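Coordinates from protein_33.txt are shown below (compact mmCIF, C-alpha atoms (C1' of nucleotides)).
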```
# COMPACT_ATOMS: atom_id res chain seq x y z
CA MET A 1 -6.95 29.88 6.53
CA ASN A 2 -10.42 31.32 7.09
CA PRO A 3 -12.41 29.82 9.98
CA GLU A 4 -15.04 28.27 7.74
CA SER A 5 -12.62 26.20 5.67
CA ASP A 6 -10.94 24.99 8.85
CA GLN A 7 -14.16 23.33 9.96
CA ARG A 8 -14.85 21.68 6.64
CA LEU A 9 -12.15 19.05 7.16
CA ALA A 10 -12.79 18.50 10.89
CA LEU A 11 -13.02 14.78 11.53
CA ASP A 12 -16.21 15.04 13.58
CA ASN A 13 -17.93 16.90 10.76
CA GLN A 14 -17.40 14.06 8.29
CA LEU A 15 -20.42 11.87 7.61
CA CYS A 16 -18.02 9.40 6.00
CA PHE A 17 -16.15 8.95 9.28
CA ALA A 18 -19.39 8.50 11.22
CA ILE A 19 -20.34 5.66 8.85
CA TYR A 20 -16.82 4.21 8.92
CA ALA A 21 -16.66 4.21 12.72
CA ALA A 22 -20.22 2.92 13.16
CA ASN A 23 -19.60 0.11 10.70
CA ARG A 24 -16.56 -1.10 12.57
CA ALA A 25 -18.33 -0.80 15.93
CA VAL A 26 -21.26 -2.86 14.67
CA THR A 27 -19.10 -5.60 13.18
CA ALA A 28 -17.04 -5.66 16.39
CA ARG A 29 -20.29 -6.30 18.25
CA TYR A 30 -21.17 -9.19 15.94
CA ARG A 31 -17.70 -10.74 16.16
CA PRO A 32 -17.93 -12.66 19.47
CA ILE A 33 -21.47 -13.83 18.67
CA LEU A 34 -20.57 -15.02 15.18
CA SER A 35 -17.37 -16.66 16.32
CA GLU A 36 -19.54 -19.12 18.28
CA LEU A 37 -20.89 -20.18 14.88
CA GLY A 38 -17.43 -20.16 13.35
CA LEU A 39 -18.39 -17.32 11.01
CA THR A 40 -16.86 -13.97 10.17
CA TYR A 41 -19.16 -11.04 9.55
CA PRO A 42 -18.96 -11.13 5.71
CA GLN A 43 -19.46 -14.92 5.85
CA TYR A 44 -22.59 -14.30 7.94
CA LEU A 45 -23.93 -11.95 5.25
CA VAL A 46 -23.39 -14.64 2.62
CA MET A 47 -25.25 -17.12 4.82
CA LEU A 48 -28.14 -14.62 5.12
CA VAL A 49 -28.40 -14.55 1.33
CA LEU A 50 -28.34 -18.34 1.13
CA TRP A 51 -30.88 -18.83 3.93
CA GLU A 52 -33.17 -16.31 2.30
CA ALA A 53 -33.04 -18.12 -1.05
CA ASP A 54 -33.38 -21.54 0.58
CA GLY A 55 -36.79 -23.05 -0.08
CA ALA A 56 -37.48 -20.78 -3.04
CA VAL A 57 -34.59 -22.10 -5.14
CA GLU A 58 -32.21 -24.98 -4.54
CA SER A 59 -29.03 -23.14 -5.48
CA VAL A 60 -27.70 -19.62 -5.95
CA ARG A 61 -25.10 -18.36 -8.40
CA VAL A 62 -21.94 -16.68 -7.17
CA SER A 63 -22.93 -13.67 -9.24
CA GLU A 64 -26.30 -13.47 -7.49
CA ILE A 65 -24.61 -13.38 -4.07
CA GLY A 66 -22.30 -10.69 -5.41
CA ARG A 67 -25.22 -8.64 -6.70
CA ARG A 68 -27.03 -8.79 -3.36
CA LEU A 69 -24.00 -7.99 -1.20
CA ARG A 70 -22.25 -5.76 -3.76
CA LEU A 71 -19.11 -7.88 -3.61
CA ASP A 72 -17.03 -9.13 -6.52
CA THR A 73 -15.49 -12.55 -7.15
CA GLY A 74 -12.13 -11.44 -5.77
CA THR A 75 -13.83 -11.32 -2.39
CA LEU A 76 -16.42 -14.06 -2.82
CA THR A 77 -14.47 -16.91 -4.38
CA PRO A 78 -12.04 -17.42 -1.48
CA LEU A 79 -14.76 -16.67 1.09
CA LEU A 80 -17.07 -19.31 -0.43
CA LYS A 81 -14.20 -21.79 -0.52
CA ARG A 82 -13.71 -21.26 3.20
CA LEU A 83 -17.41 -21.80 3.88
CA GLN A 84 -17.24 -24.92 1.73
CA SER A 85 -14.24 -26.31 3.61
CA ASN A 86 -16.19 -25.64 6.83
CA GLY A 87 -18.94 -27.86 5.43
CA LEU A 88 -21.65 -25.18 5.18
CA LEU A 89 -22.16 -25.22 1.41
CA ASP A 90 -21.27 -26.92 -1.85
CA ARG A 91 -19.81 -25.26 -4.93
CA ARG A 92 -20.31 -26.91 -8.30
CA ARG A 93 -20.37 -25.94 -11.96
CA ASP A 94 -23.75 -25.75 -13.64
CA PRO A 95 -23.79 -28.56 -16.24
CA ALA A 96 -26.07 -26.45 -18.46
CA ASP A 97 -23.55 -23.58 -18.45
CA GLU A 98 -20.09 -24.49 -17.32
CA ARG A 99 -19.18 -20.86 -16.64
CA VAL A 100 -21.64 -20.69 -13.76
CA VAL A 101 -20.82 -21.89 -10.24
CA THR A 102 -23.86 -22.72 -8.14
CA ILE A 103 -23.84 -22.57 -4.36
CA THR A 104 -26.01 -24.98 -2.39
CA LEU A 105 -26.41 -25.16 1.38
CA THR A 106 -25.41 -28.41 3.04
CA ALA A 107 -27.59 -29.84 5.82
CA ARG A 108 -25.14 -28.30 8.28
CA GLY A 109 -25.40 -24.91 6.58
CA ARG A 110 -29.18 -25.07 6.62
CA GLU A 111 -29.30 -26.07 10.28
CA MET A 112 -27.08 -23.18 11.32
CA ARG A 113 -29.96 -20.85 10.53
CA GLN A 114 -31.81 -21.98 13.66
CA ARG A 115 -28.91 -20.88 15.82
CA ALA A 116 -28.60 -17.61 13.89
CA LEU A 117 -32.21 -16.63 14.54
CA ALA A 118 -31.26 -15.40 18.01
CA ILE A 119 -28.57 -13.02 16.74
CA PRO A 120 -30.60 -9.92 15.71
CA GLY A 121 -32.31 -9.87 19.10
CA GLN A 122 -29.05 -10.36 20.96
CA LEU A 123 -27.53 -7.29 19.37
CA VAL A 124 -30.28 -4.82 20.13
CA CYS A 125 -30.51 -6.06 23.71
CA GLY A 126 -27.66 -4.80 25.84
CA THR A 127 -27.98 -1.43 24.15
CA ASN A 128 -30.68 1.06 25.04
CA LEU A 129 -31.63 1.74 21.45
CA GLU A 130 -35.20 2.36 20.37
CA PRO A 131 -36.22 -0.03 17.58
CA ASP A 132 -38.06 2.75 15.72
CA ARG A 133 -34.95 4.87 15.60
CA LEU A 134 -32.85 1.98 14.32
CA LEU A 135 -35.44 1.31 11.63
CA ALA A 136 -35.41 4.97 10.59
CA LEU A 137 -31.62 4.96 10.52
CA ARG A 138 -31.63 1.88 8.31
CA GLU A 139 -33.97 3.61 5.85
CA GLU A 140 -31.85 6.76 5.79
CA LEU A 141 -28.78 4.66 4.98
CA ARG A 142 -30.70 2.91 2.23
CA SER A 143 -31.60 6.31 0.76
CA LEU A 144 -27.97 7.37 0.91
CA LEU A 145 -26.92 4.19 -0.86
CA ILE A 146 -29.47 4.72 -3.62
CA ALA A 147 -28.41 8.35 -4.02
CA LEU A 148 -24.77 7.30 -4.34
CA ASP A 149 -25.71 4.61 -6.86
CA ASP A 150 -27.68 7.10 -8.95
CA ALA A 151 -24.84 9.61 -8.90
CA ALA A 152 -22.32 6.93 -9.85
CA GLY A 153 -24.50 5.76 -12.73
CA SER A 154 -25.13 9.26 -14.12
CA SER A 155 -21.46 10.28 -13.98
CA VAL A 156 -20.50 7.21 -16.01
CA GLU A 157 -23.30 7.93 -18.47
CA MET B 1 -40.48 -21.96 10.32
CA ASN B 2 -43.05 -19.34 11.33
CA PRO B 3 -43.36 -16.31 9.06
CA GLU B 4 -42.10 -13.85 11.66
CA SER B 5 -38.79 -15.61 12.28
CA ASP B 6 -38.23 -15.86 8.53
CA GLN B 7 -38.19 -12.08 8.27
CA ARG B 8 -35.82 -11.57 11.16
CA LEU B 9 -32.82 -12.73 9.13
CA ALA B 10 -33.85 -11.10 5.83
CA LEU B 11 -30.85 -9.19 4.48
CA ASP B 12 -32.80 -6.02 3.79
CA ASN B 13 -34.03 -5.93 7.38
CA GLN B 14 -30.50 -5.80 8.79
CA LEU B 15 -29.30 -2.39 9.96
CA CYS B 16 -25.81 -3.86 10.02
CA PHE B 17 -25.94 -4.56 6.27
CA ALA B 18 -27.27 -1.07 5.54
CA ILE B 19 -24.25 0.38 7.37
CA TYR B 20 -21.86 -2.09 5.75
CA ALA B 21 -23.12 -1.37 2.23
CA ALA B 22 -23.29 2.41 2.77
CA ASN B 23 -19.75 2.46 4.15
CA ARG B 24 -18.35 0.72 1.09
CA ALA B 25 -20.37 2.92 -1.27
CA VAL B 26 -19.06 6.07 0.42
CA THR B 27 -15.42 4.96 0.39
CA ALA B 28 -15.83 3.90 -3.25
CA ARG B 29 -16.96 7.45 -3.96
CA TYR B 30 -13.90 8.90 -2.23
CA ARG B 31 -11.49 6.54 -4.00
CA PRO B 32 -11.02 8.29 -7.37
CA ILE B 33 -10.86 11.71 -5.69
CA LEU B 34 -8.30 10.61 -3.10
CA SER B 35 -6.23 8.72 -5.65
CA GLU B 36 -5.44 12.11 -7.22
CA LEU B 37 -3.76 12.95 -3.92
CA GLY B 38 -2.13 9.53 -3.72
CA LEU B 39 -4.13 8.68 -0.59
CA THR B 40 -6.29 5.74 0.41
CA TYR B 41 -9.39 6.43 2.46
CA PRO B 42 -7.90 5.40 5.85
CA GLN B 43 -4.81 7.42 5.01
CA TYR B 44 -7.08 10.42 4.34
CA LEU B 45 -8.63 10.00 7.80
CA VAL B 46 -5.17 10.02 9.37
CA MET B 47 -4.35 13.19 7.46
CA LEU B 48 -7.59 14.77 8.75
CA VAL B 49 -6.41 14.09 12.31
CA LEU B 50 -2.99 15.56 11.59
CA TRP B 51 -4.35 18.64 9.81
CA GLU B 52 -6.75 19.25 12.67
CA ALA B 53 -3.95 19.10 15.24
CA ASP B 54 -1.61 21.20 13.08
CA GLY B 55 -1.14 24.65 14.52
CA ALA B 56 -2.33 23.65 17.99
CA VAL B 57 0.51 21.16 18.56
CA GLU B 58 3.59 20.39 16.52
CA SER B 59 3.32 16.63 16.70
CA VAL B 60 0.81 13.89 17.49
CA ARG B 61 1.38 10.52 19.10
CA VAL B 62 0.49 7.32 17.28
CA SER B 63 -1.77 6.46 20.20
CA GLU B 64 -3.63 9.76 19.83
CA ILE B 65 -4.35 9.03 16.16
CA GLY B 66 -5.51 5.57 17.19
CA ARG B 67 -7.79 6.99 19.86
CA ARG B 68 -9.43 9.42 17.44
CA LEU B 69 -9.91 6.93 14.60
CA ARG B 70 -10.41 3.88 16.82
CA LEU B 71 -7.59 2.03 15.11
CA ASP B 72 -4.80 0.03 16.74
CA THR B 73 -1.09 -0.04 15.98
CA GLY B 74 -1.46 -3.14 13.83
CA THR B 75 -3.28 -0.92 11.37
CA LEU B 76 -1.56 2.39 12.03
CA THR B 77 2.13 1.49 12.10
CA PRO B 78 2.33 0.21 8.50
CA LEU B 79 -0.09 2.91 7.30
CA LEU B 80 2.02 5.67 8.85
CA LYS B 81 5.16 4.14 7.35
CA ARG B 82 3.56 4.36 3.92
CA LEU B 83 2.61 8.00 4.47
CA GLN B 84 6.17 8.64 5.62
CA SER B 85 7.68 7.02 2.55
CA ASN B 86 5.35 9.21 0.46
CA GLY B 87 6.89 12.23 2.19
CA LEU B 88 3.77 13.44 3.99
CA LEU B 89 4.96 13.02 7.57
CA ASP B 90 7.89 12.19 9.81
CA ARG B 91 7.97 9.51 12.49
CA ARG B 92 10.40 9.82 15.32
CA ARG B 93 10.82 8.63 18.89
CA ASP B 94 10.15 11.14 21.63
CA PRO B 95 13.52 11.75 23.35
CA ALA B 96 11.70 12.38 26.64
CA ASP B 97 9.99 8.97 26.45
CA GLU B 98 11.52 6.54 24.00
CA ARG B 99 8.37 4.40 23.94
CA VAL B 100 6.44 7.17 22.21
CA VAL B 101 6.53 7.76 18.45
CA THR B 102 5.55 11.26 17.41
CA ILE B 103 4.08 12.06 14.01
CA THR B 104 4.84 15.43 12.41
CA LEU B 105 3.55 16.74 9.09
CA THR B 106 6.15 17.58 6.48
CA ALA B 107 5.73 20.74 4.38
CA ARG B 108 4.30 18.52 1.65
CA GLY B 109 1.83 16.95 4.08
CA ARG B 110 0.74 20.34 5.32
CA GLU B 111 0.31 21.72 1.80
CA MET B 112 -1.87 18.81 0.76
CA ARG B 113 -4.59 20.20 3.02
CA GLN B 114 -5.27 23.02 0.57
CA ARG B 115 -6.04 20.51 -2.15
CA ALA B 116 -8.16 18.43 0.25
CA LEU B 117 -10.40 21.37 1.14
CA ALA B 118 -12.40 20.83 -2.05
CA ILE B 119 -13.18 17.18 -1.27
CA PRO B 120 -16.19 17.46 1.08
CA GLY B 121 -17.99 19.71 -1.39
CA GLN B 122 -17.14 17.48 -4.34
CA LEU B 123 -18.80 14.50 -2.71
CA VAL B 124 -22.13 16.08 -1.87
CA CYS B 125 -22.36 17.59 -5.34
CA GLY B 126 -23.28 15.05 -7.96
CA THR B 127 -25.77 13.57 -5.54
CA ASN B 128 -29.15 15.14 -4.84
CA LEU B 129 -28.79 14.86 -1.07
CA GLU B 130 -30.13 17.49 1.28
CA PRO B 131 -27.39 18.75 3.62
CA ASP B 132 -29.77 18.79 6.59
CA ARG B 133 -30.59 15.14 6.13
CA LEU B 134 -26.93 14.19 5.88
CA LEU B 135 -26.24 16.12 9.07
CA ALA B 136 -29.11 14.35 10.85
CA LEU B 137 -27.84 10.99 9.60
CA ARG B 138 -24.37 11.78 10.91
CA GLU B 139 -25.79 12.55 14.34
CA GLU B 140 -27.85 9.35 14.39
CA LEU B 141 -24.74 7.34 13.57
CA ARG B 142 -22.87 9.12 16.33
CA SER B 143 -25.63 8.18 18.77
CA LEU B 144 -25.46 4.57 17.63
CA LEU B 145 -21.70 4.54 18.12
CA ILE B 146 -22.04 5.93 21.64
CA ALA B 147 -24.75 3.39 22.48
CA LEU B 148 -22.55 0.55 21.25
CA ASP B 149 -19.61 1.90 23.24
CA ASP B 150 -21.70 2.12 26.40
CA ALA B 151 -23.02 -1.40 25.96
CA ALA B 152 -19.53 -2.74 25.32
CA GLY B 153 -18.19 -1.04 28.42
CA SER B 154 -20.97 -2.23 30.70
CA SER B 155 -20.76 -5.86 29.55
CA VAL B 156 -17.04 -5.93 30.36
CA GLU B 157 -17.75 -4.35 33.74
C1' DC C 1 17.87 0.02 44.24
C1' DG C 2 15.76 -3.84 41.67
C1' DA C 3 11.92 -6.92 40.41
C1' DA C 4 7.38 -6.72 38.70
C1' DA C 5 3.75 -4.30 36.51
C1' DT C 6 2.40 -1.03 33.11
C1' DT C 7 2.65 1.55 28.84
C1' DA C 8 3.64 2.46 23.82
C1' DT C 9 4.65 0.72 19.69
C1' DA C 10 5.93 -3.12 16.46
C1' DT C 11 5.27 -7.68 14.27
C1' DT C 12 2.79 -11.70 12.43
C1' DG C 13 -0.98 -13.93 10.48
C1' DC C 14 -5.43 -14.13 8.50
C1' DG C 15 -9.65 -12.56 6.22
C1' DC C 16 -11.63 -9.29 3.76
C1' DG C 17 -12.35 -5.55 -0.41
C1' DC C 18 -11.02 -4.20 -4.68
C1' DA C 19 -8.33 -3.31 -9.00
C1' DA C 20 -6.24 -5.56 -12.74
C1' DC C 21 -5.64 -9.31 -15.28
C1' DA C 22 -6.50 -14.29 -16.72
C1' DT C 23 -9.23 -18.20 -18.30
C1' DA C 24 -12.68 -20.64 -20.14
C1' DA C 25 -17.31 -21.21 -21.88
C1' DG C 26 -21.16 -19.60 -24.31
C1' DA C 27 -23.30 -16.23 -27.76
C1' DT C 28 -23.08 -13.78 -32.20
C1' DG C 29 -22.45 -12.58 -36.83
C1' DG C 30 -20.38 -12.88 -41.24
C1' DC D 1 -18.42 -22.90 -39.06
C1' DC D 2 -15.09 -19.98 -37.25
C1' DA D 3 -13.40 -15.66 -35.49
C1' DT D 4 -14.91 -12.33 -32.25
C1' DC D 5 -17.38 -10.67 -28.43
C1' DT D 6 -19.44 -11.29 -24.11
C1' DT D 7 -20.19 -13.46 -19.72
C1' DA D 8 -18.96 -15.89 -15.30
C1' DT D 9 -15.64 -17.01 -12.39
C1' DG D 10 -10.78 -17.34 -10.83
C1' DT D 11 -6.08 -15.37 -9.54
C1' DT D 12 -2.74 -11.97 -7.89
C1' DG D 13 -1.33 -8.20 -5.37
C1' DC D 14 -1.90 -4.65 -2.06
C1' DG D 15 -3.84 -2.11 1.83
C1' DC D 16 -6.51 -2.29 5.51
C1' DG D 17 -8.58 -4.15 10.42
C1' DC D 18 -7.83 -6.84 14.17
C1' DA D 19 -6.29 -10.64 17.36
C1' DA D 20 -2.32 -12.34 19.45
C1' DT D 21 2.13 -11.86 20.65
C1' DA D 22 6.64 -9.44 21.16
C1' DT D 23 9.83 -5.84 22.60
C1' DA D 24 11.49 -2.17 24.86
C1' DA D 25 11.03 1.75 27.92
C1' DT D 26 9.00 3.67 32.03
C1' DT D 27 6.69 3.43 36.48
C1' DT D 28 5.64 1.41 40.80
C1' DC D 29 6.59 -0.45 44.98
C1' DG D 30 8.67 -3.45 48.40
```
As a first step, turn the structure in this file into structure tokens.
Amino acid sequence: MNPESDQRLALDNQLCFAIYAANRAVTARYRPILSELGLTYPQYLVMLVLWEADGAVESVRVSEIGRRLRLDTGTLTPLLKRLQSNGLLDRRRDPADERVVTITLTARGREMRQRALAIPGQLVCGTNLEPDRLLALREELRSLLIALDDAAGSSVE
Amino acid sequence: MNPESDQRLALDNQLCFAIYAANRAVTARYRPILSELGLTYPQYLVMLVLWEADGAVESVRVSEIGRRLRLDTGTLTPLLKRLQSNGLLDRRRDPADERVVTITLTARGREMRQRALAIPGQLVCGTNLEPDRLLALREELRSLLIALDDAAGSSVE
DNA sequence: CGAAATTATATTGCGCGCAACATAAGATGG
DNA sequence: CCATCTTATGTTGCGCGCAATATAATTTCG
């Protein structure tokens, strides 16, 4: 009714929509690049986790991938099975604790990293975006995420 | 191999992951609030478009909703059918151009706006986030979106 | 006018995300 | 040692997103 309340629900005033739209625009930009590797965007994120752990440890738990990416097994189990059937990783039960499934990169999965190294550069190029601004944006989003986590934790408490 | 290239693919260095994670955290925060209205988050965005148009025009095309939210008919058609079966809107062919489907709010859909007015405030409260910073973040995301759009357009050209 | 091109929406299929539930293995405590 | 609890992963179902294709109506143009 009053002019102020009208503006509160305006689409362009919603931070949530800005994040939603930006997220889809970014993943759309990754799509053609990742399809050359035969990866979807969430699969690429899983590979980032595995590449990062590679060298330090020889396998990663499903739960560890989920913790890093904030994804649950309902998402990860089928995704990891697809990566396995594409020959990028192996899934096997930990003999010491049969509940645990450990994920190990195959040679093919490890080698893909070399091709992926070009991706971050490819995305910034073609857009006239200042690296400093992108870095600042990333940190602001991280702060938002932490603030949302804290609020979620305290409301449950 | 070299230390610099190792860091390029580190998960925490990816702006894309910051956006991806923030987007899911924000929608997770909306979920319990919207479920009281019987809406999903994308359905809420469609309602925002319809509420915003309400008063100015008496119906909105599917394509106009898609243009605003950057969604195609593969997403919108079933979503709008669900909103229709929940009694929030009507879908009907434009007699003047039978290709066009026009979306009109029902009384129930229009009334829901009053309940939705409290939502934006509810989300910021419970988090210690400064409104100015959120506004600045929104504008940075808008700039990113525009930059990605421009780059996409020029590469096709 | 009539064929071809264009426009607007619908359908199909697949891969997420996530809630809810299931299963099985390990830990715990009487 | 055995019932109970907890932990780690798996399964099912549903609603997006999006590519690819389909259908039907309108426009364009020879």
Discussion item. So the first atom is CA of Asp132 (chain B) and the second is CA of Leu69 (chain A); what is the distance between them in Å, to one decimal place?
Written reply: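 Spanning CA of Asp132 (chain B) to CA of Leu69 (chain A) is a straight-line distance of 28.5 Å.
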Worksheet item: Closest to Pro42 (chain B) among B:Ala151, B:Val101, B:Leu79, B:Ala25, using only C-alpha atoms?
Response: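 The answer is B:Leu79, which sits nearest to Pro42 (chain B).
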Discussion item. When you count all atoms listed in the file, which of these residues is closest to chain D: A:Gln114, A:Asn23, A:Asn13, A:Asn86?
Written reply: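 Selected residue with least distance to chain D: A:Asn23.
The space between CA of Gly66 (chain B) and CA of Leu45 (chain B) spans 10.8 Å.
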Worksheet item: Taking only C-alpha atoms (C1' of nucleotides) into account, which residues of chain B are within 9 Å of chain D, as a list in words?
Response: Thr40, Pro42, Leu71, Asp72, Gly74, Thr75, Leu79, Asp97, Glu98 and Arg99 of chain B
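Taking only C-alpha atoms (C1' of nucleotides) into account, the residues near (-34.6, -11.7, 13.4), no farther than 6 Å, are Leu117 and Pro120 of chain A; Ser5, Arg8 and Leu9 of chain B.
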Item to complete: Please indicate the distance in Å from CA of Thr27 (chain B) to CA of Tyr41 (chain B), rounded to one decimal place.
Response: 6.5 Å
Worksheet item: If you count only C-alpha atoms (C1' of nucleotides), which residues fall within 10 Å of Val124 (chain B), apart from same-chain ones fewer than 6 positions away, as an NGL selection string?
Response: (:A and (148 or 151)) or (:B and (130-131 or 134))
Worksheet item: Nearest to chain C: which of B:Pro78, B:Gly38, B:Gly55, B:Pro95 is it, counting all atoms listed in the file?
Response: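 Among B:Pro78, B:Gly38, B:Gly55, B:Pro95, it is B:Pro78 that comes nearest to chain C.
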Which residues of chain C have any atom within 12 Å of an atom in chain B when counting only C-alpha atoms (C1' of nucleotides), and what is the closest pair of atoms for each, with the distance in Å to one decimal? Order the rows by chain and rising number and write it as CSV.
```
residue,atom,partner,partner_atom,distance
C:DT7,C1',B:Arg99,CA,8.1
C:DA8,C1',B:Arg99,CA,5.1
C:DT9,C1',B:Arg99,CA,6.7
C:DA10,C1',B:Thr77,CA,7.4
C:DT11,C1',B:Gly74,CA,8.1
C:DT12,C1',B:Gly74,CA,9.7
C:DG13,C1',B:Gly74,CA,11.3
C:DG17,C1',B:Arg24,CA,8.8
C:DC18,C1',B:Ala28,CA,9.5
C:DA19,C1',B:Arg31,CA,11.5
```
Worksheet item: Mind listing as an MDAnalysis selection string which residues of chain A are within 9 Å of chain B, counting all atoms listed in the file?
Response: chainID A and resid 5:11 13:27 29 45 48:49 51:52 68:70 113 116:117 119:121 126:129 133:135 137:142 144:145 147:152 154:155
Discussion item. I want to know what sits within 9 Å of Leu80 (chain B), based on all atoms listed in the file, with residues of the same chain fewer than 4 positions away left out; could you give that as a PyMOL selection string?
Written reply: chain B and resi 43+46+62+75-76+84-85+89-91+103
Draw an axis-aligned box tight on the listed atoms of region 18-22 of chain D, then pad every side by 4 Å and write out centre and edge lengths in Å to one decimal as AutoDock Vina command-line options.
```
--center_x -0.6 --center_y -9.6 --center_z 17.7 --size_x 22.5 --size_y 13.5 --size_z 15.0
```
For region 132-144 of chain B, which lacks atoms in the input, supply N, CA and C atoms and format the output as a short mmCIF file (atom, residue, chain, number, x, y, z; two decimals), in the coordinates of the input.
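Written output follows (part.cif):
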```cif
data_model
loop_
_atom_site.label_atom_id
_atom_site.label_comp_id
_atom_site.auth_asym_id
_atom_site.auth_seq_id
_atom_site.Cartn_x
_atom_site.Cartn_y
_atom_site.Cartn_z
N ASP B 132 -29.17 18.97 5.26
CA ASP B 132 -29.77 18.79 6.59
C ASP B 132 -29.95 17.32 6.92
N ARG B 133 -30.35 16.57 5.92
CA ARG B 133 -30.59 15.14 6.13
C ARG B 133 -29.28 14.41 6.40
N LEU B 134 -28.24 14.81 5.68
CA LEU B 134 -26.93 14.19 5.88
C LEU B 134 -26.42 14.49 7.28
N LEU B 135 -26.67 15.73 7.73
CA LEU B 135 -26.24 16.12 9.07
C LEU B 135 -26.99 15.32 10.12
N ALA B 136 -28.30 15.13 9.91
CA ALA B 136 -29.11 14.35 10.85
C ALA B 136 -28.64 12.89 10.87
N LEU B 137 -28.33 12.37 9.70
CA LEU B 137 -27.84 10.99 9.60
C LEU B 137 -26.53 10.84 10.36
N ARG B 138 -25.65 11.81 10.20
CA ARG B 138 -24.37 11.78 10.91
C ARG B 138 -24.58 11.72 12.41
N GLU B 139 -25.54 12.52 12.90
CA GLU B 139 -25.79 12.55 14.34
C GLU B 139 -26.41 11.25 14.84
N GLU B 140 -27.26 10.64 14.01
CA GLU B 140 -27.85 9.35 14.39
C GLU B 140 -26.77 8.27 14.49
N LEU B 141 -25.84 8.31 13.55
CA LEU B 141 -24.74 7.34 13.57
C LEU B 141 -23.85 7.55 14.79
N ARG B 142 -23.66 8.82 15.15
CA ARG B 142 -22.87 9.12 16.33
C ARG B 142 -23.56 8.56 17.59
N SER B 143 -24.88 8.72 17.64
CA SER B 143 -25.63 8.18 18.77
C SER B 143 -25.49 6.66 18.84
N LEU B 144 -25.59 6.02 17.69
CA LEU B 144 -25.46 4.57 17.63
C LEU B 144 -24.09 4.15 18.16
#
```
